[in-house]
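Notes to accompany the following structure.
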Amino acid sequence: MTLVRCRTCLIPSSRPDTPFVSGECSACVNYKNRPTLDWKAREAELIRILEASKNGTGYSCVLPSSGGKDSTHQALRVIELGFRPLVVTASTCMLTDVGRKNIDNLARYATTIEVTPNRTVRAKLNRIGLELVGD
């Protein structure tokens, strides 16, 4: 298999779960399509889904969070929209200091749950993932 790189960001085609279209990775394709999206309609759809998900628990949704910028932004955006997420983190073997701070900071604004899987099992699964798919 020949290694192909995205012509925009240079990410390799060997990256798992990243399809390429005409020489570009899906992330770059989606980024370029942002101006064509109806963001108001998408926000209205999100609000409709969150409203429909209310089930008497007091939480509007369950949001997975790695402690990274994307999941932190998603949680804060849901809160900005007036909803109450339950934020769940499955801790990893390599949580960065910034990730730890983001998770701790998010707990000031939302209910957070952190689950720590058996570290030995997690390390074995990490090795298998690395050997099978390179991630």
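Labeling convention for the structure tokens: chains A, B, ... as they appear, residues from 1 per chain, ligands from 1 in order of appearance.
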Output as a ChimeraX atom specification all residues of region 51-129 of chain A that backbone DSSP marks as alpha helix (DSSP H).
-> /A:51-53,69-80,97-106,119-129
Residues from the last selection, C-alpha atoms, saved as an mmCIF file, in the first residue's frame:
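Printed below is result-v1.cif as written:
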```
data_model
loop_
_atom_site.group_PDB
_atom_site.id
_atom_site.type_symbol
_atom_site.label_atom_id
_atom_site.label_comp_id
_atom_site.auth_asym_id
_atom_site.auth_seq_id
_atom_site.Cartn_x
_atom_site.Cartn_y
_atom_site.Cartn_z
ATOM 1 C CA GLU A 51 -35.483 18.748 24.471
ATOM 2 C CA ALA A 52 -36.771 15.341 23.355
ATOM 3 C CA SER A 53 -34.118 13.581 25.431
ATOM 4 C CA LYS A 69 -10.585 20.835 23.468
ATOM 5 C CA ASP A 70 -13.338 19.343 21.286
ATOM 6 C CA SER A 71 -15.274 17.540 24.008
ATOM 7 C CA THR A 72 -14.769 20.434 26.438
ATOM 8 C CA HIS A 73 -16.162 22.854 23.846
ATOM 9 C CA GLN A 74 -19.138 20.566 23.191
ATOM 10 C CA ALA A 75 -19.999 20.383 26.888
ATOM 11 C CA LEU A 76 -19.714 24.144 27.356
ATOM 12 C CA ARG A 77 -21.819 24.764 24.229
ATOM 13 C CA VAL A 78 -24.609 22.508 25.502
ATOM 14 C CA ILE A 79 -24.517 24.402 28.807
ATOM 15 C CA GLU A 80 -24.631 27.750 26.916
ATOM 16 C CA ASP A 97 -1.730 17.686 32.470
ATOM 17 C CA VAL A 98 -3.854 19.955 30.260
ATOM 18 C CA GLY A 99 -6.468 17.204 29.866
ATOM 19 C CA ARG A 100 -6.577 16.735 33.648
ATOM 20 C CA LYS A 101 -7.028 20.498 34.155
ATOM 21 C CA ASN A 102 -9.800 20.613 31.518
ATOM 22 C CA ILE A 103 -11.701 17.778 33.206
ATOM 23 C CA ASP A 104 -11.298 19.384 36.639
ATOM 24 C CA ASN A 105 -12.341 22.789 35.271
ATOM 25 C CA LEU A 106 -15.385 21.327 33.510
ATOM 26 C CA ARG A 119 -5.073 -0.301 34.017
ATOM 27 C CA THR A 120 -3.538 -3.673 33.134
ATOM 28 C CA VAL A 121 -6.420 -4.543 30.818
ATOM 29 C CA ARG A 122 -6.348 -1.038 29.332
ATOM 30 C CA ALA A 123 -2.597 -1.311 28.621
ATOM 31 C CA LYS A 124 -3.131 -4.657 26.866
ATOM 32 C CA LEU A 125 -5.962 -3.206 24.760
ATOM 33 C CA ASN A 126 -3.770 -0.218 23.879
ATOM 34 C CA ARG A 127 -1.033 -2.568 22.679
ATOM 35 C CA ILE A 128 -3.493 -4.574 20.558
ATOM 36 C CA GLY A 129 -4.866 -1.364 19.027
#
```
Which residues in region 26-126 of chain A does DSSP call strand (DSSP E)? List them as a VMD selection string.
-> chain A and resid 61 to 64 85 to 90 111 to 115
Atoms to include: N, CA, C and O atoms. Write the selected residues as an mmCIF file, in the first residue's frame.
```cif
data_model
loop_
_atom_site.group_PDB
_atom_site.id
_atom_site.type_symbol
_atom_site.label_atom_id
_atom_site.label_comp_id
_atom_site.auth_asym_id
_atom_site.auth_seq_id
_atom_site.Cartn_x
_atom_site.Cartn_y
_atom_site.Cartn_z
ATOM 1 N N CYS A 61 -28.515 15.233 28.553
ATOM 2 C CA CYS A 61 -27.810 14.288 27.706
ATOM 3 C C CYS A 61 -26.586 13.774 28.446
ATOM 4 O O CYS A 61 -26.205 14.310 29.480
ATOM 5 N N VAL A 62 -25.994 12.739 27.903
ATOM 6 C CA VAL A 62 -24.711 12.239 28.382
ATOM 7 C C VAL A 62 -23.683 12.613 27.326
ATOM 8 O O VAL A 62 -23.871 12.314 26.148
ATOM 9 N N LEU A 63 -22.627 13.301 27.747
ATOM 10 C CA LEU A 63 -21.572 13.712 26.821
ATOM 11 C C LEU A 63 -20.272 13.014 27.193
ATOM 12 O O LEU A 63 -19.795 13.156 28.315
ATOM 13 N N PRO A 64 -19.690 12.277 26.274
ATOM 14 C CA PRO A 64 -18.367 11.715 26.536
ATOM 15 C C PRO A 64 -17.335 12.830 26.459
ATOM 16 O O PRO A 64 -17.452 13.738 25.644
ATOM 17 N N PRO A 85 -25.752 18.787 30.833
ATOM 18 C CA PRO A 85 -25.158 17.511 30.429
ATOM 19 C C PRO A 85 -24.565 16.753 31.615
ATOM 20 O O PRO A 85 -24.121 17.357 32.593
ATOM 21 N N LEU A 86 -24.573 15.447 31.525
ATOM 22 C CA LEU A 86 -23.799 14.598 32.417
ATOM 23 C C LEU A 86 -22.549 14.236 31.619
ATOM 24 O O LEU A 86 -22.637 13.604 30.569
ATOM 25 N N VAL A 87 -21.396 14.682 32.078
ATOM 26 C CA VAL A 87 -20.153 14.521 31.339
ATOM 27 C C VAL A 87 -19.409 13.306 31.882
ATOM 28 O O VAL A 87 -19.122 13.229 33.076
ATOM 29 N N VAL A 88 -19.109 12.343 31.007
ATOM 30 C CA VAL A 88 -18.472 11.096 31.422
ATOM 31 C C VAL A 88 -17.115 10.963 30.726
ATOM 32 O O VAL A 88 -17.012 11.109 29.517
ATOM 33 N N THR A 89 -16.094 10.696 31.525
ATOM 34 C CA THR A 89 -14.740 10.503 31.016
ATOM 35 C C THR A 89 -14.262 9.117 31.403
ATOM 36 O O THR A 89 -14.332 8.735 32.570
ATOM 37 N N ALA A 90 -13.790 8.358 30.426
ATOM 38 C CA ALA A 90 -13.092 7.103 30.691
ATOM 39 C C ALA A 90 -11.614 7.455 30.631
ATOM 40 O O ALA A 90 -11.081 7.722 29.560
ATOM 41 N N THR A 111 -21.967 18.324 35.933
ATOM 42 C CA THR A 111 -21.718 17.108 36.688
ATOM 43 C C THR A 111 -20.819 16.216 35.851
ATOM 44 O O THR A 111 -21.104 15.969 34.682
ATOM 45 N N THR A 112 -19.723 15.763 36.448
ATOM 46 C CA THR A 112 -18.786 14.918 35.723
ATOM 47 C C THR A 112 -18.622 13.589 36.445
ATOM 48 O O THR A 112 -18.670 13.526 37.666
ATOM 49 N N ILE A 113 -18.435 12.554 35.658
ATOM 50 C CA ILE A 113 -18.140 11.223 36.182
ATOM 51 C C ILE A 113 -16.888 10.761 35.474
ATOM 52 O O ILE A 113 -16.788 10.859 34.251
ATOM 53 N N GLU A 114 -15.939 10.258 36.232
ATOM 54 C CA GLU A 114 -14.725 9.742 35.630
ATOM 55 C C GLU A 114 -14.593 8.272 35.992
ATOM 56 O O GLU A 114 -14.664 7.897 37.157
ATOM 57 N N VAL A 115 -14.424 7.452 34.969
ATOM 58 C CA VAL A 115 -14.305 6.014 35.148
ATOM 59 C C VAL A 115 -12.880 5.618 34.786
ATOM 60 O O VAL A 115 -12.363 6.033 33.755
#
```
Computed interatomic separation between CA of Arg7 (chain A) and CA of Tyr31 (chain A) (Å) = 13.8 Å
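You can rank A:Arg48, A:Ser91, A:Asp38, A:Asp17 by their closest distance to Gly68 (chain A) using only C-alpha atoms, and at the top of that list sits A:Ser91.
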Identify which of the residues A:Tyr109, A:Phe20, A:Trp39, A:Phe83 lies closest to Val4 (chain A), counting only C-alpha atoms when measuring atom-to-atom distances.
-> A:Phe20
Pick from A:Ile47, A:Ala41, A:Ala107, A:Cys25, whichever lies nearest to Ser13 (chain A) using only C-alpha atoms =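 Ranked by minimum distance to Ser13 (chain A), first place goes to A:Cys25.
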If you count only C-alpha atoms, which residues fall within 12 Å of Arg15 (chain A), apart from same-chain ones fewer than 2 positions away, as an mmCIF file with C-alpha atoms, in the first residue's frame?
```
data_model
loop_
_atom_site.group_PDB
_atom_site.id
_atom_site.type_symbol
_atom_site.label_atom_id
_atom_site.label_comp_id
_atom_site.auth_asym_id
_atom_site.auth_seq_id
_atom_site.Cartn_x
_atom_site.Cartn_y
_atom_site.Cartn_z
ATOM 1 C CA LEU A 3 1.347 6.075 1.688
ATOM 2 C CA VAL A 4 -0.726 9.022 0.517
ATOM 3 C CA ARG A 5 -0.841 12.329 2.342
ATOM 4 C CA CYS A 6 -3.671 14.848 2.371
ATOM 5 C CA LEU A 10 -0.435 16.287 5.048
ATOM 6 C CA ILE A 11 -2.089 13.734 7.365
ATOM 7 C CA PRO A 12 -1.183 10.235 6.135
ATOM 8 C CA SER A 13 -3.761 7.905 4.627
ATOM 9 C CA ASP A 17 -10.967 5.946 10.238
ATOM 10 C CA THR A 18 -9.966 8.866 8.002
ATOM 11 C CA PRO A 19 -11.326 8.464 4.498
ATOM 12 C CA PHE A 20 -9.776 10.389 1.624
ATOM 13 C CA CYS A 25 -8.774 13.819 4.167
ATOM 14 C CA SER A 26 -12.351 13.955 5.389
ATOM 15 C CA ALA A 27 -11.438 16.545 8.057
ATOM 16 C CA LEU A 130 -1.370 -0.144 18.239
ATOM 17 C CA VAL A 133 -4.387 -0.381 13.444
ATOM 18 C CA GLY A 134 -1.446 1.758 14.502
ATOM 19 C CA ASP A 135 -3.425 3.771 17.060
#
```
Please indicate the distance in Å from CA of Met94 (chain A) to CA of Cys28 (chain A), rounded to one decimal place.
->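 These atoms are spaced 27.0 Å apart.
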Would you mind reading off the distance between CA of Arg84 (chain A) and CA of Leu50 (chain A), one decimal, in Å?
->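 If I compute the distance from CA of Arg84 (chain A) to CA of Leu50 (chain A), I get 9.5 Å.
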